[in-house]
Structures are given as C-alpha cells and as structure tokens.
Amino acid sequence: MEILGLSLAMVVLFVGFGLLVGVLFGFFGMGGSFLVTPALLVMGYPTRVAVGSGLAFVFGTSVIATLKHRDMGQVDYKLGVLMIAGTTAGIEAGKEIVLHLEALGLAGSIISVTYVVLLGGIGAFVTYEALRGGDGGDGIDHDAAEDDVDADDIPEIAKKIQSYRIPPMISLRGGVSVSLWMILGVAFATGLLSGFLGVGGGFIRMPALFYLIGVPVPIAVGTDLFEIVFSGGLGSFLYALDGGVDLAIVLPLLAGSAFGARVGSAATSIVDEDDIKVYFGLMLLGGALAVAVREIGNVYGIGALNTVSLVLILGSALLVSGAVVYSSITALREESQSSSPV
C-alpha cells in the first residue's frame with residue numbers, strides 16, 4: 001500500500017519522526033530541521049531534497065509557535081524585519097554554495113562535516129552547562145510576561161558589544177539598543193547557515209540574539225520564530241524552484257509535528273526546562289554522532305553504518321521527547337498528590 005508515493009511503513013516513520021520533532025519544537029521553540037535534514041541524508045535522499053524539505057518542514061512548524069508568542073507580546077517586529085533582510089541575502093548565498101558543491105559532488109560530505117562540528121559543539125556546550133548547573137541562556141520561558149523582561153539580565157558579552165556605539169543604533173524591546181550592523185551581521189551569518197544546512201537556524205540564531213545582540217530570552221525566542229517563518233518559507237520556495245522540496249516527505253512530517261508541538265507547548269507550563277537541558281545537549285551530540293557514523297560508512301563502504309546512523313538520530317529525538325513527556329507526567333502526578341487532601 002502506498003500513500004503520497006511512499007510505502008505505508010515510510011509514511012508511519014515520517015509521521016512518527018514528525019511527532020518526536022514536534023514535541024521538541026513546542027518545548028524548546030526550535031524548528032527541528034537540525035534533526036530532519038541529517039535524517040533525510042542518512043535515508044539516502046539527495047542533498048538538495050534533504051535541505052529543501054527540511055526548510056519546508058521548518059516553515060510549517062514555525063507558524064503556529066509564532067502566533068503563540070505574538071499573543072504573549074514576545075515578538076519584536078522591528079528586529080524581526082531587520083533579521084529577515086539580512087537572512088534573505090544569507091539564504092540565497094547558502095543555496096548557491098550548496099548547488100555549486102553539489103555540482104562538484106562534494107555537497108553531502110561538506111554539509112555532513114559541518115553538521116558534526118556545529119551540532120557537536122553546541123551539544124557539548126549545552127550538556128556542560130546543564131551538568132554544572134549553570135544558566136547557559138538556552139532555557140526558554142514561554143510563559144514570561146512582557147512586563148517581566150529585564151534588559152539587565154543579558155550576558156556580559158552582549159553588554160560589551162552594545163557598548164560599541166556604531167551608528168545607526170536601533171532601539172529594541174526590553175530596553176536594548178544595538179548597532180544595525182551587528183543585527184544585519186548576525187542575520188546574514190544565520191541565513192547563510194540556514195540556506196547551506198537546510199535549518200531554520202533557531203538553535204543558532206536564538207542564542208546569538210541573546211549572547212551577541214543582547215535581546216532578553218523571551219523576546220529572542222518569539223522574534224526568532226517570527227523570523228523563521230520567513231526564512232523557512234523563502235528557503236523552501238527557492239529550493240522548490242529547483243525541485244528540492246518533496247511534499248511526500250514534508251506532509252507526513254507536518255502531520256506528526258502538528259500534534260507533537262501541542263504536547264511540547266503544554267509541557268512548558270508544568271516542567272522546569274533546566275531538568276532536561278542535559279537531554280537536549282545529548283540529543284544534539286547524538287545527531288552529530290549519527291552524521292559522523294554515516295560519513296565513516298560512506299568512506300569505507302560499510303552500508304550497515306547508515307542504519308546505525310539512522311537509529312542514532314531517531315533515538316536522540318525519542319530520548320528527549322520521552323524525557324519531556326515523562327517529566328510532564330511526573331510533574332502532574334506530584335501536583336495532584338500535593339493538592340489532594342490528606
């Protein structure tokens with residue numbers, strides 16, 4: 001039996017994977033294509049299709065979250081528009097690099113190595129911060145009210161960057177004032193990665209908004225998701241023009257993520273994200289390890305390592321999604337016990 005040109009087993013696999021990624025997306029405020037794109041690469045899809053379909057998935061999942069953050073007053077539209085301007089140029093540059101490397105037969109390997117370095121580095125940092133009990137700025141307070149935002153809580157490095165008054169200066173929500181050139185620079189760099197790696201850039205851009213530009217975390221998350229709607233939409237459109245978006249892949253993923261995102265979003269109101277930071281870091285490390293294993297298999301002609309790589313990617317998503325659901329159930333159970341009469 002086939003659905004959308006895929007076997008029933010493949011459709012179930014994509015829906016299930018979308019569900020897992022959706023939970024992570026709803027909980028962390030990130031699009032999840034940092035798992036989707038390498039998974040498609042591991043499954044043997046062409047680089048252009050993996051990247052383009054990953055961006056299309058990002059577009060669909062980011063729309064719902066942006067509307068939610070807008071309702072909470074956590075979207076800086078001025079910053080978002082400036083980020084879109086810089087990201088647009090970056091995505092086009094990234095796409096051209098992918099197409100050029102694809103023509104040379106090098107795209108898959110280079111993108112995979114970049115994933116290993118990037119995901120491994122971020123995963124190691126997040127895990128280290130979680131294990132030592134520090135606040136790495138990667139926690140996301142979805143329920144923070146706009147009035148609770150304090151610009152003095154930003155990192156010291158961001159304050160240092162803001163001290164360089166290179167005109168024109170832009171005033172942002174949360175009492176932040178930063179040079180236009182810094183905003184455009186961060187936007188272009190993350191857009192370049194978005195177009196090159198097929199990611200929305202949330203797991204890179206949100207920390208950049210916080211650490212470099214100095215935007216308070218709640219506003220950084222909401223504005224980042226607002227920008228992802230456009231970067232994911234633009235990126236997927238550009239790749240679609242070159243035949244890089246496979247709806248047979250994207251639609252089942254979105255079907256699963258639509259429900260998963262609701263589960264993850266609901267979990268943010270009852271689970272302290274600090275409790276599972278270490279799992280998020282391990283998930284990124286798992287993604288990096290999976291891509292590394294796949295590349296080793298390709299170099300040495302060991303086909304079995306492709307299967308191992310896919311298991312690692314799915315296992316990483318399942319580990320963290322399961323941790324979110326388990327923590328939610330545990331928190332609800334404790335709350336129920338504490339409110340029950342003795």
# chains A, B, ... in the order shown; residues from 1 in each chain; ligands from 1
>>> residues_around(residues="Asn306 in chain A", least_positions_apart="3", cutoff="10 Å", atoms="only C-alpha atoms", output="short mmCIF file (atom, residue, chain, number, x, y, z; two decimals) with N, CA and C atoms, in the first residue's frame")
data_model
loop_
_atom_site.label_atom_id
_atom_site.label_comp_id
_atom_site.auth_asym_id
_atom_site.auth_seq_id
_atom_site.Cartn_x
_atom_site.Cartn_y
_atom_site.Cartn_z
N LEU A 41 19.26 12.79 4.87
CA LEU A 41 20.54 12.47 4.24
C LEU A 41 20.92 11.02 4.52
N VAL A 42 20.72 10.60 5.77
CA VAL A 42 21.05 9.23 6.16
C VAL A 42 20.17 8.24 5.40
N MET A 43 18.92 8.62 5.14
CA MET A 43 17.98 7.74 4.45
C MET A 43 18.25 7.67 2.95
N GLY A 44 19.23 8.46 2.48
CA GLY A 44 19.64 8.36 1.09
C GLY A 44 19.03 9.37 0.14
N ALA A 290 25.58 10.65 14.77
CA ALA A 290 24.90 9.92 13.70
C ALA A 290 25.45 10.30 12.33
N VAL A 291 25.62 11.61 12.11
CA VAL A 291 26.15 12.05 10.82
C VAL A 291 27.60 11.60 10.64
N VAL A 293 28.96 8.89 11.92
CA VAL A 293 28.93 7.45 11.63
C VAL A 293 28.57 7.22 10.16
N ARG A 294 27.60 8.01 9.65
CA ARG A 294 27.19 7.86 8.26
C ARG A 294 28.36 8.16 7.32
N GLU A 295 29.12 9.21 7.61
CA GLU A 295 30.24 9.58 6.76
C GLU A 295 31.33 8.53 6.78
N ILE A 296 31.56 7.94 7.96
CA ILE A 296 32.55 6.86 8.06
C ILE A 296 32.11 5.67 7.21
N GLY A 297 30.80 5.38 7.27
CA GLY A 297 30.28 4.28 6.46
C GLY A 297 30.43 4.53 4.97
N ASN A 298 30.22 5.79 4.55
CA ASN A 298 30.37 6.13 3.13
C ASN A 298 31.82 6.02 2.67
N GLY A 301 32.76 2.31 2.80
CA GLY A 301 31.83 1.40 2.12
C GLY A 301 31.14 0.43 3.04
N ILE A 302 30.84 0.84 4.27
CA ILE A 302 30.15 -0.02 5.24
C ILE A 302 28.68 0.40 5.30
N GLY A 303 27.83 -0.27 4.53
CA GLY A 303 26.43 0.10 4.44
C GLY A 303 25.68 0.01 5.75
N SER A 309 23.40 4.93 11.89
CA SER A 309 23.26 6.38 11.94
C SER A 309 21.80 6.80 12.08
N LEU A 310 20.93 6.17 11.30
CA LEU A 310 19.51 6.49 11.37
C LEU A 310 18.94 6.17 12.75
N VAL A 311 19.36 5.04 13.31
CA VAL A 311 18.90 4.65 14.65
C VAL A 311 19.35 5.68 15.69
N LEU A 312 20.56 6.20 15.53
CA LEU A 312 21.07 7.21 16.47
C LEU A 312 20.25 8.49 16.40
#
>>> residues_around(residues="Val98 in chain A", least_positions_apart="6", cutoff="8 Å", atoms="only C-alpha atoms", output="PyMOL selection string")
chain A and resi 48+107+196
>>> atom_distance(atom1="CA of Val117 in chain A", atom2="CA of Ile157 in chain A")
23.2 Å
>>> closest_residue(among="A:Met10, A:Val324, A:Leu104, A:Val23", to="Tyr279 in chain A", atoms="only C-alpha atoms")
A:Val324
>>> closest_residue(among="A:Tyr211, A:Tyr326, A:Tyr164, A:Phe226", to="Val186 in chain A", atoms="only C-alpha atoms")
A:Tyr211
>>> closest_residue(among="A:Arg333, A:Leu20, A:Ala189, A:Ala56", to="Ile249 in chain A", atoms="only C-alpha atoms")
A:Ala56
>>> atom_distance(atom1="CA of Met283 in chain A", atom2="CA of Ala266 in chain A")
20.7 Å
>>> atom_distance(atom1="CA of Ser171 in chain A", atom2="CA of Met206 in chain A")
18.3 Å
>>> select_by_dssp(residues="range 151-270 of chain A", states="strand (DSSP E)", output="ChimeraX atom specification")
/A:169-172,176-179
>>> write_last_selection(atoms="C-alpha atoms", output="short mmCIF file (atom, residue, chain, number, x, y, z; two decimals), in the first residue's frame")
data_model
loop_
_atom_site.label_atom_id
_atom_site.label_comp_id
_atom_site.auth_asym_id
_atom_site.auth_seq_id
_atom_site.Cartn_x
_atom_site.Cartn_y
_atom_site.Cartn_z
CA MET A 169 21.76 52.46 16.68
CA ILE A 170 18.47 50.58 16.88
CA SER A 171 16.26 50.56 20.00
CA LEU A 172 14.66 47.17 20.62
CA VAL A 176 18.02 47.12 24.32
CA SER A 177 19.94 49.41 21.94
CA VAL A 178 22.37 47.86 19.45
CA SER A 179 24.08 48.74 16.20
#
>>> residues_around(residues="Phe259 in chain A", least_positions_apart="3", cutoff="10 Å", atoms="only C-alpha atoms", output="PyMOL selection string")
chain A and resi 18-20+22-23+26+254-256+262-264
>>> select_by_dssp(residues="range 99-326 of chain A", states="helix (DSSP H, G or I)", output="ChimeraX atom specification")
/A:99-104,107-131,146-148,151-153,156-162,180-197,202-213,217-241,247-267,273-300,304-326
>>> residues_around(residues="range 227-241 of chain A", least_positions_apart="4", cutoff="7 Å", atoms="only C-alpha atoms", output="PyMOL selection string")
chain A and resi 52-53+55-56+58-59+62-63+80+83-84+87-88+91+195+200+223+245
>>> write_last_selection(atoms="C-alpha atoms", output="compact mmCIF listing (two decimals), in the first residue's frame")
# COMPACT_ATOMS: atom_id res chain seq x y z
CA GLY A 52 14.76 21.88 0.77
CA SER A 53 12.32 19.54 2.52
CA LEU A 55 13.27 24.10 5.24
CA ALA A 56 9.68 23.41 4.19
CA VAL A 58 10.60 24.43 9.40
CA PHE A 59 8.17 26.82 7.72
CA SER A 62 7.17 27.74 13.00
CA VAL A 63 3.88 29.41 12.03
CA GLY A 80 12.34 40.61 13.06
CA MET A 83 16.73 39.92 10.66
CA ILE A 84 14.64 38.93 7.64
CA THR A 87 18.75 36.41 6.42
CA THR A 88 17.34 36.67 2.89
CA ILE A 91 19.92 32.07 2.47
CA GLY A 195 20.45 28.02 3.29
CA GLY A 200 15.66 27.31 10.27
CA THR A 223 11.32 37.12 17.40
CA VAL A 245 11.04 20.07 -1.90
